[in-house]
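What follows is the content of target03.csv (CSV, C-alpha atoms and all ligand atoms).
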```
chain,number,residue,atom,x,y,z
U,1419,MET,CA,-3.2,-18.6,-12.9
U,1420,SER,CA,-6.4,-20.8,-12.9
U,1421,ASP,CA,-9.5,-19.6,-11.1
U,1422,ALA,CA,-9.3,-22.4,-8.6
U,1423,PHE,CA,-5.6,-21.8,-7.9
U,1424,TYR,CA,-6.2,-18.1,-7.6
U,1425,MET,CA,-9.0,-18.6,-5.1
U,1426,ARG,CA,-6.8,-20.8,-3.0
U,1427,TRP,CA,-3.9,-18.3,-3.3
U,1428,ARG,CA,-6.3,-15.5,-2.2
U,1429,GLU,CA,-7.6,-17.5,0.9
U,1430,MET,CA,-4.0,-18.4,1.9
U,1431,ASN,CA,-2.9,-14.8,1.6
U,1432,ARG,CA,-5.7,-13.0,3.5
U,1433,THR,CA,-3.2,-10.8,5.3
U,1434,GLU,CA,-3.3,-7.1,5.5
U,1435,ILE,CA,-1.3,-5.2,2.9
U,1436,VAL,CA,-2.5,-1.7,3.9
U,1437,ARG,CA,-4.0,-0.5,7.1
U,1438,VAL,CA,-5.2,3.0,8.0
U,1439,GLU,CA,-6.0,3.9,11.6
U,1440,ASN,CA,-8.0,6.8,12.7
U,1441,LEU,CA,-7.1,8.8,9.6
U,1442,LYS,CA,-8.1,12.4,9.4
U,1443,LYS,CA,-7.5,15.1,6.8
U,1444,TYR,CA,-8.8,18.6,7.6
U,1445,PHE,CA,-8.1,21.3,5.0
U,1446,PRO,CA,-8.0,24.9,6.3
U,1447,VAL,CA,-10.6,27.2,4.7
U,1448,GLU,CA,-9.2,30.4,3.2
U,1449,LYS,CA,-11.0,33.4,4.7
U,1450,SER,CA,-11.7,36.7,3.1
U,1451,PHE,CA,-10.0,39.9,4.5
U,1452,LEU,CA,-13.3,40.9,6.2
U,1453,GLU,CA,-13.8,37.4,7.7
U,1454,LYS,CA,-10.2,37.6,9.1
U,1455,LEU,CA,-11.1,40.9,10.8
U,1456,LEU,CA,-14.4,39.7,12.2
U,1457,THR,CA,-13.3,36.3,13.5
U,1458,ARG,CA,-10.2,34.6,14.7
U,1459,THR,CA,-11.6,31.1,14.6
U,1460,ARG,CA,-10.3,29.0,11.7
U,1461,GLY,CA,-12.7,26.9,9.6
U,1462,PHE,CA,-11.7,23.4,8.3
U,1463,ILE,CA,-13.0,21.2,5.5
U,1464,ARG,CA,-13.2,17.8,7.2
U,1465,ALA,CA,-12.5,15.8,4.1
U,1466,VAL,CA,-11.5,12.6,5.9
U,1467,ASP,CA,-12.8,12.4,9.5
U,1468,ASP,CA,-11.4,9.5,11.5
U,1469,ILE,CA,-11.6,6.3,9.4
U,1470,THR,CA,-10.0,2.9,10.0
U,1471,PHE,CA,-9.9,0.0,7.6
U,1472,SER,CA,-7.6,-2.6,6.1
U,1473,VAL,CA,-7.0,-3.8,2.6
U,1474,LEU,CA,-6.2,-7.5,2.4
U,1475,ARG,CA,-3.6,-8.9,0.1
U,1476,GLY,CA,-5.1,-10.0,-3.3
U,1477,GLU,CA,-8.5,-8.3,-2.9
U,1478,VAL,CA,-10.3,-5.4,-4.5
U,1479,PHE,CA,-11.3,-3.1,-1.7
U,1480,THR,CA,-13.6,-0.3,-2.8
U,1481,LEU,CA,-14.2,3.1,-1.3
U,1482,ALA,CA,-17.6,4.2,-2.7
U,1483,GLY,CA,-19.7,7.3,-2.2
U,1484,GLU,CA,-20.8,10.6,-3.7
U,1485,SER,CA,-18.2,13.1,-4.9
U,1486,GLY,CA,-16.6,15.0,-1.9
U,1487,CYS,CA,-17.0,12.1,0.5
U,1488,GLY,CA,-13.3,11.8,1.1
U,1489,LYS,CA,-12.5,8.7,-0.9
U,1490,THR,CA,-9.9,10.3,-3.3
U,1491,THR,CA,-8.2,12.1,-0.4
U,1492,THR,CA,-7.9,8.8,1.5
U,1493,GLY,CA,-6.2,7.2,-1.6
U,1494,LYS,CA,-3.8,10.1,-1.9
U,1495,ILE,CA,-2.9,9.9,1.8
U,1496,ILE,CA,-2.1,6.2,1.6
U,1497,LEU,CA,0.3,6.9,-1.4
U,1498,GLY,CA,2.0,9.8,0.5
U,1499,LEU,CA,0.7,12.4,-2.0
U,1500,VAL,CA,-1.2,14.3,0.7
U,1501,PRO,CA,-0.1,14.4,4.4
U,1502,PRO,CA,-2.8,13.4,6.9
U,1503,THR,CA,-3.8,15.8,9.7
U,1504,SER,CA,-3.6,12.8,12.1
U,1505,GLY,CA,-3.9,9.0,12.1
U,1506,ARG,CA,-1.5,6.3,10.8
U,1507,VAL,CA,-1.0,4.4,7.6
U,1508,PHE,CA,0.8,1.0,7.4
U,1509,PHE,CA,2.1,-0.9,4.4
U,1510,ARG,CA,2.9,-4.6,5.2
U,1511,ASP,CA,2.9,-3.7,8.9
U,1512,ARG,CA,5.5,-0.9,8.5
U,1513,GLU,CA,4.3,2.6,9.3
U,1514,ILE,CA,4.5,4.8,6.3
U,1515,THR,CA,2.6,7.8,7.6
U,1516,ASN,CA,5.2,10.5,7.3
U,1517,LEU,CA,8.1,9.1,5.3
U,1518,LYS,CA,11.1,11.1,4.1
U,1519,PRO,CA,11.1,11.9,0.3
U,1520,GLU,CA,13.7,9.2,-0.4
U,1521,GLU,CA,11.8,6.5,1.5
U,1522,LEU,CA,8.7,7.5,-0.3
U,1523,ARG,CA,10.4,7.3,-3.6
U,1524,LEU,CA,11.5,3.7,-2.9
U,1525,LEU,CA,7.9,2.9,-1.7
U,1526,ARG,CA,6.5,4.2,-5.0
U,1527,ARG,CA,7.8,1.1,-6.8
U,1528,ARG,CA,5.4,-1.0,-4.7
U,1529,MET,CA,2.4,1.3,-4.6
U,1530,GLN,CA,1.1,3.0,-7.7
U,1531,ILE,CA,-2.0,5.0,-8.8
U,1532,ILE,CA,-4.3,5.0,-11.9
U,1533,PHE,CA,-5.9,8.4,-12.3
U,1534,GLN,CA,-9.4,9.2,-13.3
U,1535,ASP,CA,-8.4,11.3,-16.4
U,1536,PRO,CA,-6.0,9.3,-18.6
U,1537,TYR,CA,-5.5,12.3,-20.9
U,1538,ALA,CA,-4.5,14.8,-18.1
U,1539,SER,CA,-2.2,12.2,-16.6
U,1540,PHE,CA,0.0,12.0,-19.7
U,1541,ASN,CA,2.4,14.7,-21.0
U,1542,PRO,CA,0.9,15.6,-24.4
U,1543,ARG,CA,4.4,16.1,-25.8
U,1544,MET,CA,5.7,12.7,-24.7
U,1545,LYS,CA,5.2,9.6,-26.7
U,1546,ILE,CA,3.2,6.8,-24.9
U,1547,GLY,CA,6.3,4.5,-24.9
U,1548,ASP,CA,8.5,7.2,-23.3
U,1549,ALA,CA,5.8,8.0,-20.7
U,1550,ILE,CA,5.4,4.3,-19.7
U,1551,GLY,CA,9.1,3.7,-19.6
U,1552,HIS,CA,9.9,6.9,-17.7
U,1553,PRO,CA,9.4,5.4,-14.2
U,1554,LEU,CA,12.0,2.6,-15.1
U,1555,GLU,CA,14.6,5.4,-15.7
U,1556,ILE,CA,13.7,7.4,-12.6
U,1557,HIS,CA,14.1,4.3,-10.4
U,1558,GLY,CA,17.3,3.2,-12.3
U,1559,LEU,CA,15.7,-0.1,-13.2
U,1560,ALA,CA,16.2,-0.1,-17.0
U,1561,SER,CA,17.2,2.1,-19.9
U,1562,GLY,CA,17.9,1.8,-23.6
U,1563,LEU,CA,16.9,-1.5,-25.3
U,1564,GLU,CA,16.0,-3.2,-22.0
U,1565,LYS,CA,13.5,-0.4,-21.2
U,1566,ARG,CA,12.0,-0.6,-24.7
U,1567,LYS,CA,11.6,-4.4,-24.3
U,1568,LYS,CA,9.8,-4.0,-21.0
U,1569,VAL,CA,7.6,-1.3,-22.4
U,1570,LEU,CA,6.7,-3.4,-25.4
U,1571,SER,CA,5.8,-6.3,-23.3
U,1572,MET,CA,3.7,-4.2,-21.0
U,1573,LEU,CA,1.8,-2.6,-23.9
U,1574,GLU,CA,1.0,-6.1,-25.2
U,1575,ARG,CA,-0.1,-7.2,-21.7
U,1576,VAL,CA,-2.7,-4.4,-21.5
U,1577,GLY,CA,-4.0,-5.1,-25.1
U,1578,LEU,CA,-2.3,-2.2,-27.0
U,1579,THR,CA,-1.2,-4.3,-30.0
U,1580,PRO,CA,0.8,-4.2,-32.1
U,1581,PRO,CA,3.0,-2.6,-29.3
U,1582,GLU,CA,5.6,-1.4,-31.8
U,1583,GLN,CA,3.0,0.9,-33.2
U,1584,PHE,CA,1.6,2.2,-29.9
U,1585,ILE,CA,5.0,2.9,-28.4
U,1586,GLU,CA,5.5,5.6,-31.0
U,1587,LEU,CA,2.1,7.3,-30.6
U,1588,TYR,CA,1.3,10.5,-28.7
U,1589,PRO,CA,-1.6,10.6,-26.1
U,1590,HIS,CA,-3.9,12.5,-28.5
U,1591,GLN,CA,-3.6,9.8,-31.1
U,1592,LEU,CA,-5.2,7.2,-28.7
U,1593,SER,CA,-8.9,6.8,-27.9
U,1594,GLY,CA,-10.1,7.2,-24.3
U,1595,GLY,CA,-10.1,3.5,-23.7
U,1596,GLN,CA,-6.6,3.1,-25.2
U,1597,ARG,CA,-5.3,5.9,-23.1
U,1598,GLN,CA,-6.6,4.3,-19.9
U,1599,ARG,CA,-4.9,1.0,-21.0
U,1600,ALA,CA,-1.7,3.0,-21.4
U,1601,ALA,CA,-2.2,4.5,-17.9
U,1602,ILE,CA,-2.6,1.0,-16.5
U,1603,ALA,CA,0.6,-0.1,-18.3
U,1604,ARG,CA,2.5,2.9,-16.8
U,1605,SER,CA,1.2,2.0,-13.3
U,1606,LEU,CA,2.3,-1.6,-13.6
U,1607,ILE,CA,5.7,-1.1,-15.3
U,1608,LEU,CA,7.5,-1.0,-11.9
U,1609,ASN,CA,5.9,-4.3,-10.9
U,1610,PRO,CA,4.0,-2.9,-7.9
U,1611,GLU,CA,2.0,-4.9,-5.3
U,1612,PHE,CA,-0.7,-2.3,-4.5
U,1613,ILE,CA,-2.7,0.0,-6.8
U,1614,VAL,CA,-5.0,2.8,-6.0
U,1615,ALA,CA,-7.4,3.1,-8.9
U,1616,ASP,CA,-9.2,6.4,-8.6
U,1617,GLU,CA,-12.4,6.3,-10.7
U,1618,PRO,CA,-10.4,4.6,-13.5
U,1619,VAL,CA,-13.5,4.1,-15.8
U,1620,SER,CA,-15.6,7.2,-15.0
U,1621,MET,CA,-14.3,9.1,-18.0
U,1622,ILE,CA,-14.5,6.2,-20.4
U,1623,ASP,CA,-17.3,5.4,-22.8
U,1624,VAL,CA,-19.9,3.3,-21.0
U,1625,SER,CA,-19.5,0.6,-23.7
U,1626,LEU,CA,-15.8,0.2,-22.9
U,1627,ARG,CA,-16.0,0.2,-19.1
U,1628,THR,CA,-16.5,-3.5,-18.6
U,1629,THR,CA,-13.5,-4.3,-20.9
U,1630,ILE,CA,-11.2,-2.1,-18.8
U,1631,ILE,CA,-12.5,-3.5,-15.5
U,1632,ASP,CA,-12.0,-7.0,-16.9
U,1633,LEU,CA,-8.5,-6.1,-17.9
U,1634,MET,CA,-7.8,-4.9,-14.4
U,1635,LEU,CA,-9.2,-8.0,-12.9
U,1636,ASP,CA,-7.1,-10.2,-15.3
U,1637,LEU,CA,-3.9,-8.3,-14.4
U,1638,LYS,CA,-4.7,-8.6,-10.7
U,1639,ARG,CA,-4.8,-12.3,-11.0
U,1640,GLU,CA,-1.8,-12.6,-13.3
U,1641,LEU,CA,0.4,-10.2,-11.3
U,1642,GLN,CA,-1.0,-10.9,-7.9
U,1643,LEU,CA,-2.0,-7.3,-7.3
U,1644,THR,CA,-4.2,-5.7,-4.6
U,1645,TYR,CA,-6.5,-2.8,-5.5
U,1646,LEU,CA,-7.9,0.1,-3.5
U,1647,PHE,CA,-10.7,1.0,-6.0
U,1648,ILE,CA,-12.4,4.4,-5.7
U,1649,THR,CA,-15.7,5.0,-7.3
U,1650,HIS,CA,-19.0,6.9,-7.0
U,1651,ASP,CA,-20.7,4.2,-9.1
U,1652,LEU,CA,-22.1,1.3,-7.1
U,1653,ALA,CA,-22.8,-0.7,-10.2
U,1654,VAL,CA,-19.1,-0.6,-10.9
U,1655,ALA,CA,-18.3,-1.4,-7.3
U,1656,LYS,CA,-20.6,-4.4,-7.4
U,1657,TYR,CA,-18.8,-5.7,-10.5
U,1658,ILE,CA,-15.2,-5.4,-9.4
U,1659,SER,CA,-15.1,-5.5,-5.6
U,1660,ASP,CA,-14.4,-8.2,-3.0
U,1661,ARG,CA,-15.2,-5.8,-0.1
U,1662,VAL,CA,-16.8,-2.4,-0.1
U,1663,ALA,CA,-16.7,0.6,2.3
U,1664,ILE,CA,-19.4,3.3,1.8
U,1665,MET,CA,-18.2,6.8,2.7
U,1666,TYR,CA,-20.4,9.8,3.6
U,1667,LEU,CA,-19.0,13.2,4.5
U,1668,GLY,CA,-15.5,11.9,5.4
U,1669,LYS,CA,-16.7,8.8,7.4
U,1670,ILE,CA,-17.2,5.2,6.6
U,1671,VAL,CA,-20.8,4.5,7.3
U,1672,GLU,CA,-20.9,0.8,6.2
U,1673,MET,CA,-18.3,-1.8,5.3
U,1674,GLY,CA,-18.2,-5.4,4.5
U,1675,GLU,CA,-18.1,-8.2,1.9
U,1676,LYS,CA,-19.6,-7.2,-1.4
U,1677,GLU,CA,-22.4,-9.8,-1.1
U,1678,GLU,CA,-23.4,-8.6,2.3
U,1679,ILE,CA,-23.4,-4.9,1.3
U,1680,PHE,CA,-25.4,-5.5,-1.9
U,1681,SER,CA,-27.9,-8.1,-0.6
U,1682,ASN,CA,-28.4,-6.7,2.9
U,1683,PRO,CA,-27.5,-3.0,3.1
U,1684,LEU,CA,-28.2,-1.8,6.6
U,1685,HIS,CA,-27.3,1.9,6.4
U,1686,PRO,CA,-30.0,4.1,4.9
U,1687,TYR,CA,-27.4,5.9,2.8
U,1688,THR,CA,-26.2,2.6,1.3
U,1689,GLN,CA,-29.9,1.6,0.7
U,1690,ALA,CA,-30.5,4.9,-1.1
U,1691,LEU,CA,-27.4,4.6,-3.3
U,1692,LEU,CA,-28.4,1.0,-4.2
U,1693,SER,CA,-31.9,1.9,-5.0
U,1694,ALA,CA,-30.7,4.5,-7.5
U,1695,ILE,CA,-28.9,1.8,-9.6
U,1696,PRO,CA,-30.8,1.1,-12.8
U,1697,VAL,CA,-32.1,-2.4,-13.1
U,1698,PRO,CA,-32.3,-4.4,-16.4
U,1699,ASN,CA,-36.0,-5.2,-15.7
U,1700,PRO,CA,-37.9,-1.9,-14.9
U,1701,ASP,CA,-41.1,-3.9,-14.0
U,1702,ARG,CA,-39.3,-5.6,-11.1
U,1703,LYS,CA,-40.6,-4.2,-7.9
U,1704,ARG,CA,-38.0,-2.7,-5.5
U,1705,ARG,CA,-38.0,-0.2,-2.7
U,1706,ILE,CA,-36.8,3.2,-3.8
U,1707,ILE,CA,-35.3,5.4,-1.1
U,1708,GLU,CA,-35.2,9.1,-2.0
U,1709,LEU,CA,-32.8,11.3,-0.1
U,1710,LYS,CA,-33.8,14.7,1.1
U,1711,GLY,CA,-31.7,17.7,0.2
U,1712,GLU,CA,-28.1,18.0,-0.8
U,1713,VAL,CA,-24.9,16.7,0.8
U,1714,PRO,CA,-24.1,19.2,3.6
U,1715,SER,CA,-20.9,21.2,3.5
U,1716,ALA,CA,-17.8,19.4,4.9
U,1717,ILE,CA,-17.1,22.7,6.7
U,1718,ARG,CA,-20.3,22.5,8.8
U,1719,ILE,CA,-20.9,18.8,9.5
U,1720,PRO,CA,-24.3,18.2,11.1
U,1721,MET,CA,-24.3,17.3,14.8
U,1722,GLY,CA,-25.1,13.7,15.8
U,1723,CYS,CA,-25.4,11.4,12.9
U,1724,ARG,CA,-24.0,13.4,10.0
U,1725,PHE,CA,-26.5,11.8,7.7
U,1726,HIS,CA,-29.6,12.8,9.8
U,1727,PRO,CA,-30.7,15.9,7.8
U,1728,ARG,CA,-31.2,13.6,4.7
U,1729,CYS,CA,-32.2,10.3,6.4
U,1730,PRO,CA,-35.8,9.2,6.0
U,1731,PHE,CA,-35.6,7.1,9.2
U,1732,ALA,CA,-34.0,9.8,11.5
U,1733,GLU,CA,-35.1,9.8,15.1
U,1734,GLU,CA,-34.5,12.3,17.9
U,1735,ALA,CA,-31.4,10.5,19.1
U,1736,CYS,CA,-29.9,10.7,15.6
U,1737,GLN,CA,-29.5,14.5,16.0
U,1738,LYS,CA,-27.6,14.2,19.2
U,1739,GLU,CA,-25.4,11.2,19.1
U,1740,GLU,CA,-23.0,10.1,16.4
U,1741,PRO,CA,-23.3,6.4,15.7
U,1742,GLU,CA,-20.1,4.3,15.9
U,1743,LEU,CA,-19.1,1.9,13.1
U,1744,THR,CA,-20.3,-1.4,14.8
U,1745,VAL,CA,-19.9,-5.0,13.9
U,1746,VAL,CA,-23.3,-6.5,13.0
U,1747,SER,CA,-22.0,-9.8,11.6
U,1748,ALA,CA,-18.6,-11.4,10.9
U,1749,SER,CA,-18.1,-9.5,7.7
U,1750,HIS,CA,-20.4,-6.5,8.1
U,1751,LEU,CA,-20.0,-3.2,10.0
U,1752,VAL,CA,-22.5,-0.3,10.0
U,1753,ALA,CA,-22.8,3.1,11.7
U,1754,CYS,CA,-26.5,3.6,12.3
U,1755,HIS,CA,-28.4,3.7,15.6
U,1756,LEU,CA,-31.2,1.7,14.1
U,1757,ALA,CA,-29.2,-1.1,12.5
U,1758,LYS,CA,-29.7,-4.4,14.3
U,1759,GLY,CA,-28.6,-6.8,11.6
U,1760,SER,CA,-31.7,-6.5,9.5
U,1761,GLU,CA,-33.0,-4.0,7.0
U,1762,HIS,CA,-35.1,-1.0,8.2
U,1763,ALA,CA,-38.8,-1.7,8.0
U,1801,LIG,FE1,-30.5,7.6,9.8
U,1801,LIG,FE2,-30.4,7.8,12.5
U,1801,LIG,FE3,-29.2,5.8,11.2
U,1801,LIG,FE4,-28.2,8.2,11.0
U,1801,LIG,S1,-28.3,7.0,12.8
U,1801,LIG,S2,-28.5,6.8,9.3
U,1801,LIG,S3,-30.0,9.4,11.0
U,1801,LIG,S4,-31.4,6.2,11.3
```
Go ahead and express the file in the form of structure tokens.
Amino acid sequence: MSDAFYMRWREMNRTEIVRVENLKKYFPVEKSFLEKLLTRTRGFIRAVDDITFSVLRGEVFTLAGESGCGKTTTGKIILGLVPPTSGRVFFRDREITNLKPEELRLLRRRMQIIFQDPYASFNPRMKIGDAIGHPLEIHGLASGLEKRKKVLSMLERVGLTPPEQFIELYPHQLSGGQRQRAAIARSLILNPEFIVADEPVSMIDVSLRTTIIDLMLDLKRELQLTYLFITHDLAVAKYISDRVAIMYLGKIVEMGEKEEIFSNPLHPYTQALLSAIPVPNPDRKRRIIELKGEVPSAIRIPMGCRFHPRCPFAEEACQKEEPELTVVSASHLVACHLAKGSEHA
């Protein structure tokens, strides 16, 4: 597909493929024997705390934020790997929040995941070709020679050539980059429409990251895929995304088109994350925002704006009132009392 045709196709298809509404996931905290005796109240880790967003067909929508902000849990809930505490998930306008196992199995053909650790996601005793072809057998789509043909073609597509050689190898015989290519091949073998890519390049050599991301972008165009991309690395988010949502302690604090988020970040947390990205020219002057302290525990979320204990701009109202995610321009939403469509002074 040419670039121009792809752009036209993307504009024509800006329909929602996935939507989550008021999604929450609270994990109960295990208490010690003594704690159980002393208190009856139950503690919860508020991993995902009331988030709403849509992923548009053909785009790369990125959930970004520090580890523990709830981005991976969100991806797993969408795929039905973790049940939500409350809220709703839709795929192509059909609610898929609490599907029965058989319905979920059928949906898996259309929604797949690429995991962070390509080594752990493969059975070390299974040849790469068998692992990639396994989903075809599970779903009764191909076996024998037909399966082999599909696996060879997919290996070639992800750049593992000659495929006849790679199909016979075990995971430990592949480099980190090759294993992640194999993981991508496995996620695409069922011809899905939607992929959750959970930190897919964070465990790969820095020198190989761009080639894997470029491969993912090429495959997206070629196979008309949609990605929910999960990363802690804003430099990676800037490279791959169409739209970005920044998460902090289970909430989306800023969301919008990539250009908006990176050229005009309005939330102090986004500004701090962006100011931490290394720049090619260290002499270039830019404002560095240093955050105070550590990310608070998701068991004891601060009152008011949950970012206020670390925010350099916090005011009295920030300690009392939680800011809503508010539209500041056609393609930009932010949850901060001080955001009025321009950067903080
Ligand atoms: Fe900082 Fe207040 Fe905005 Fe929260 S609402 S990010 S504490 S300025």
Would you mind listing the residues within 9 Å of ligand LIG 1801 (chain U), counting all atoms listed in the file, as a VMD selection string? chain U and resid 1671 1684 to 1687 1722 to 1737 1739 to 1741 1753 to 1757 1762
Print the selection's residues with C-alpha atoms to a file, as a PDB file, keeping the file's coordinate frame.
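Result saved to selection18.pdb:
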```pdb
ATOM      1  CA  VAL U1671     -20.800   4.500   7.300  1.00  0.00           C
ATOM      2  CA  LEU U1684     -28.200  -1.800   6.600  1.00  0.00           C
ATOM      3  CA  HIS U1685     -27.300   1.900   6.400  1.00  0.00           C
ATOM      4  CA  PRO U1686     -30.000   4.100   4.900  1.00  0.00           C
ATOM      5  CA  TYR U1687     -27.400   5.900   2.800  1.00  0.00           C
ATOM      6  CA  GLY U1722     -25.100  13.700  15.800  1.00  0.00           C
ATOM      7  CA  CYS U1723     -25.400  11.400  12.900  1.00  0.00           C
ATOM      8  CA  ARG U1724     -24.000  13.400  10.000  1.00  0.00           C
ATOM      9  CA  PHE U1725     -26.500  11.800   7.700  1.00  0.00           C
ATOM     10  CA  HIS U1726     -29.600  12.800   9.800  1.00  0.00           C
ATOM     11  CA  PRO U1727     -30.700  15.900   7.800  1.00  0.00           C
ATOM     12  CA  ARG U1728     -31.200  13.600   4.700  1.00  0.00           C
ATOM     13  CA  CYS U1729     -32.200  10.300   6.400  1.00  0.00           C
ATOM     14  CA  PRO U1730     -35.800   9.200   6.000  1.00  0.00           C
ATOM     15  CA  PHE U1731     -35.600   7.100   9.200  1.00  0.00           C
ATOM     16  CA  ALA U1732     -34.000   9.800  11.500  1.00  0.00           C
ATOM     17  CA  GLU U1733     -35.100   9.800  15.100  1.00  0.00           C
ATOM     18  CA  GLU U1734     -34.500  12.300  17.900  1.00  0.00           C
ATOM     19  CA  ALA U1735     -31.400  10.500  19.100  1.00  0.00           C
ATOM     20  CA  CYS U1736     -29.900  10.700  15.600  1.00  0.00           C
ATOM     21  CA  GLN U1737     -29.500  14.500  16.000  1.00  0.00           C
ATOM     22  CA  GLU U1739     -25.400  11.200  19.100  1.00  0.00           C
ATOM     23  CA  GLU U1740     -23.000  10.100  16.400  1.00  0.00           C
ATOM     24  CA  PRO U1741     -23.300   6.400  15.700  1.00  0.00           C
ATOM     25  CA  ALA U1753     -22.800   3.100  11.700  1.00  0.00           C
ATOM     26  CA  CYS U1754     -26.500   3.600  12.300  1.00  0.00           C
ATOM     27  CA  HIS U1755     -28.400   3.700  15.600  1.00  0.00           C
ATOM     28  CA  LEU U1756     -31.200   1.700  14.100  1.00  0.00           C
ATOM     29  CA  ALA U1757     -29.200  -1.100  12.500  1.00  0.00           C
ATOM     30  CA  HIS U1762     -35.100  -1.000   8.200  1.00  0.00           C
TER      31      HIS U1762
END
```
Just the residues within 10 Å of Val1473 in chain U, please, counting all atoms listed in the file, with nothing from its chain fewer than 3 positions along; format it as a PyMOL selection string. chain U and resi 1432-1438+1476-1480+1509+1612+1644-1646+1661
Using CA of Val1569 in chain U and CA of Ala1603 in chain U as the two end points, give the distance in Å to one decimal.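 Atom-to-atom, CA of Val1569 in chain U and CA of Ala1603 in chain U are spaced 8.2 Å apart.
In this comparison, which uses only C-alpha atoms, the residue of U:Ser1747, U:Ala1601, U:Ala1465, U:Asp1623 approaching Ser1485 in chain U most closely is U:Ala1465.
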If we count all atoms listed in the file and set the cut-off at 12 Å, which residues sit around His1557 in chain U, ignoring sequence neighbours fewer than 3 positions away in its own chain? Please answer as number ranges by chain. U: 1520, 1522-1528, 1551-1554, 1560-1561, 1565, 1607-1609
Those same residues, written as a PDB file, in the coordinates of the input with C-alpha atoms?
```
ATOM      1  CA  GLU U1520      13.700   9.200  -0.400  1.00  0.00           C
ATOM      2  CA  LEU U1522       8.700   7.500  -0.300  1.00  0.00           C
ATOM      3  CA  ARG U1523      10.400   7.300  -3.600  1.00  0.00           C
ATOM      4  CA  LEU U1524      11.500   3.700  -2.900  1.00  0.00           C
ATOM      5  CA  LEU U1525       7.900   2.900  -1.700  1.00  0.00           C
ATOM      6  CA  ARG U1526       6.500   4.200  -5.000  1.00  0.00           C
ATOM      7  CA  ARG U1527       7.800   1.100  -6.800  1.00  0.00           C
ATOM      8  CA  ARG U1528       5.400  -1.000  -4.700  1.00  0.00           C
ATOM      9  CA  GLY U1551       9.100   3.700 -19.600  1.00  0.00           C
ATOM     10  CA  HIS U1552       9.900   6.900 -17.700  1.00  0.00           C
ATOM     11  CA  PRO U1553       9.400   5.400 -14.200  1.00  0.00           C
ATOM     12  CA  LEU U1554      12.000   2.600 -15.100  1.00  0.00           C
ATOM     13  CA  ALA U1560      16.200  -0.100 -17.000  1.00  0.00           C
ATOM     14  CA  SER U1561      17.200   2.100 -19.900  1.00  0.00           C
ATOM     15  CA  LYS U1565      13.500  -0.400 -21.200  1.00  0.00           C
ATOM     16  CA  ILE U1607       5.700  -1.100 -15.300  1.00  0.00           C
ATOM     17  CA  LEU U1608       7.500  -1.000 -11.900  1.00  0.00           C
ATOM     18  CA  ASN U1609       5.900  -4.300 -10.900  1.00  0.00           C
TER      19      ASN U1609
END
```
Restrict the calculation to all atoms listed in the file, then for each residue of range 1595-1668 of chain U with any atom at most 12 Å from an atom of range 1576-1582 of chain U give the closest atom pair and their distance in Å to one decimal, rows by chain and rising residue number, as a Markdown table.
```
| residue | atom | partner | partner_atom | distance |
| --- | --- | --- | --- | --- |
| U:Gly1595 | CA | U:Leu1578 | CA | 10.2 |
| U:Gln1596 | CA | U:Leu1578 | CA | 7.1 |
| U:Arg1597 | CA | U:Leu1578 | CA | 9.5 |
| U:Gln1598 | CA | U:Val1576 | CA | 9.7 |
| U:Arg1599 | CA | U:Val1576 | CA | 5.9 |
| U:Ala1600 | CA | U:Val1576 | CA | 7.5 |
| U:Ala1601 | CA | U:Val1576 | CA | 9.6 |
| U:Ile1602 | CA | U:Val1576 | CA | 7.4 |
| U:Ala1603 | CA | U:Val1576 | CA | 6.3 |
| U:Arg1604 | CA | U:Val1576 | CA | 10.1 |
| U:Ser1605 | CA | U:Val1576 | CA | 11.1 |
| U:Leu1606 | CA | U:Val1576 | CA | 9.8 |
| U:Ile1607 | CA | U:Val1576 | CA | 10.9 |
| U:Thr1629 | CA | U:Gly1577 | CA | 10.4 |
| U:Ile1630 | CA | U:Val1576 | CA | 9.2 |
| U:Ile1631 | CA | U:Val1576 | CA | 11.5 |
| U:Asp1632 | CA | U:Val1576 | CA | 10.7 |
| U:Leu1633 | CA | U:Val1576 | CA | 7.0 |
| U:Met1634 | CA | U:Val1576 | CA | 8.8 |
| U:Leu1635 | CA | U:Val1576 | CA | 11.4 |
| U:Asp1636 | CA | U:Val1576 | CA | 9.6 |
| U:Leu1637 | CA | U:Val1576 | CA | 8.2 |
| U:Lys1638 | CA | U:Val1576 | CA | 11.8 |
| U:Glu1640 | CA | U:Val1576 | CA | 11.6 |
```
Check the smallest atom-to-atom distance from each of U:Glu1448, U:Asp1651, U:Glu1484, U:Asp1511 to Glu1712 in chain U using only C-alpha atoms, then report the winner.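 For Glu1712 in chain U, the nearest of the candidates is U:Glu1484.
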I'd like to know which of U:Leu1751, U:Leu1587, U:Ala1655, U:Leu1497 is closest to Val1614 in chain U, using all atoms listed in the file.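 The closest residue to Val1614 in chain U is U:Leu1497.
For the set U:Pro1502, U:Tyr1444, U:Glu1742, U:His1750, the residue with the smallest atom-to-atom gap to Ser1681 in chain U is U:His1750, counting all atoms listed in the file.
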Which residues are close to Lys1676 in chain U, i.e. within 8 Å by all atoms listed in the file, leaving aside same-chain residues fewer than 4 positions away? Reply as a PDB file with C-alpha atoms, in the frame of the given file.
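Produced file result36.pdb, reproduced below:
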```pdb
ATOM      1  CA  LYS U1656     -20.600  -4.400  -7.400  1.00  0.00           C
ATOM      2  CA  SER U1659     -15.100  -5.500  -5.600  1.00  0.00           C
ATOM      3  CA  ASP U1660     -14.400  -8.200  -3.000  1.00  0.00           C
ATOM      4  CA  ARG U1661     -15.200  -5.800  -0.100  1.00  0.00           C
ATOM      5  CA  VAL U1662     -16.800  -2.400  -0.100  1.00  0.00           C
ATOM      6  CA  PHE U1680     -25.400  -5.500  -1.900  1.00  0.00           C
TER       7      PHE U1680
END
```
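The interatomic distance for the pair CA of Ile1585 in chain U and CA of Leu1499 in chain U works out to 28.4 Å.
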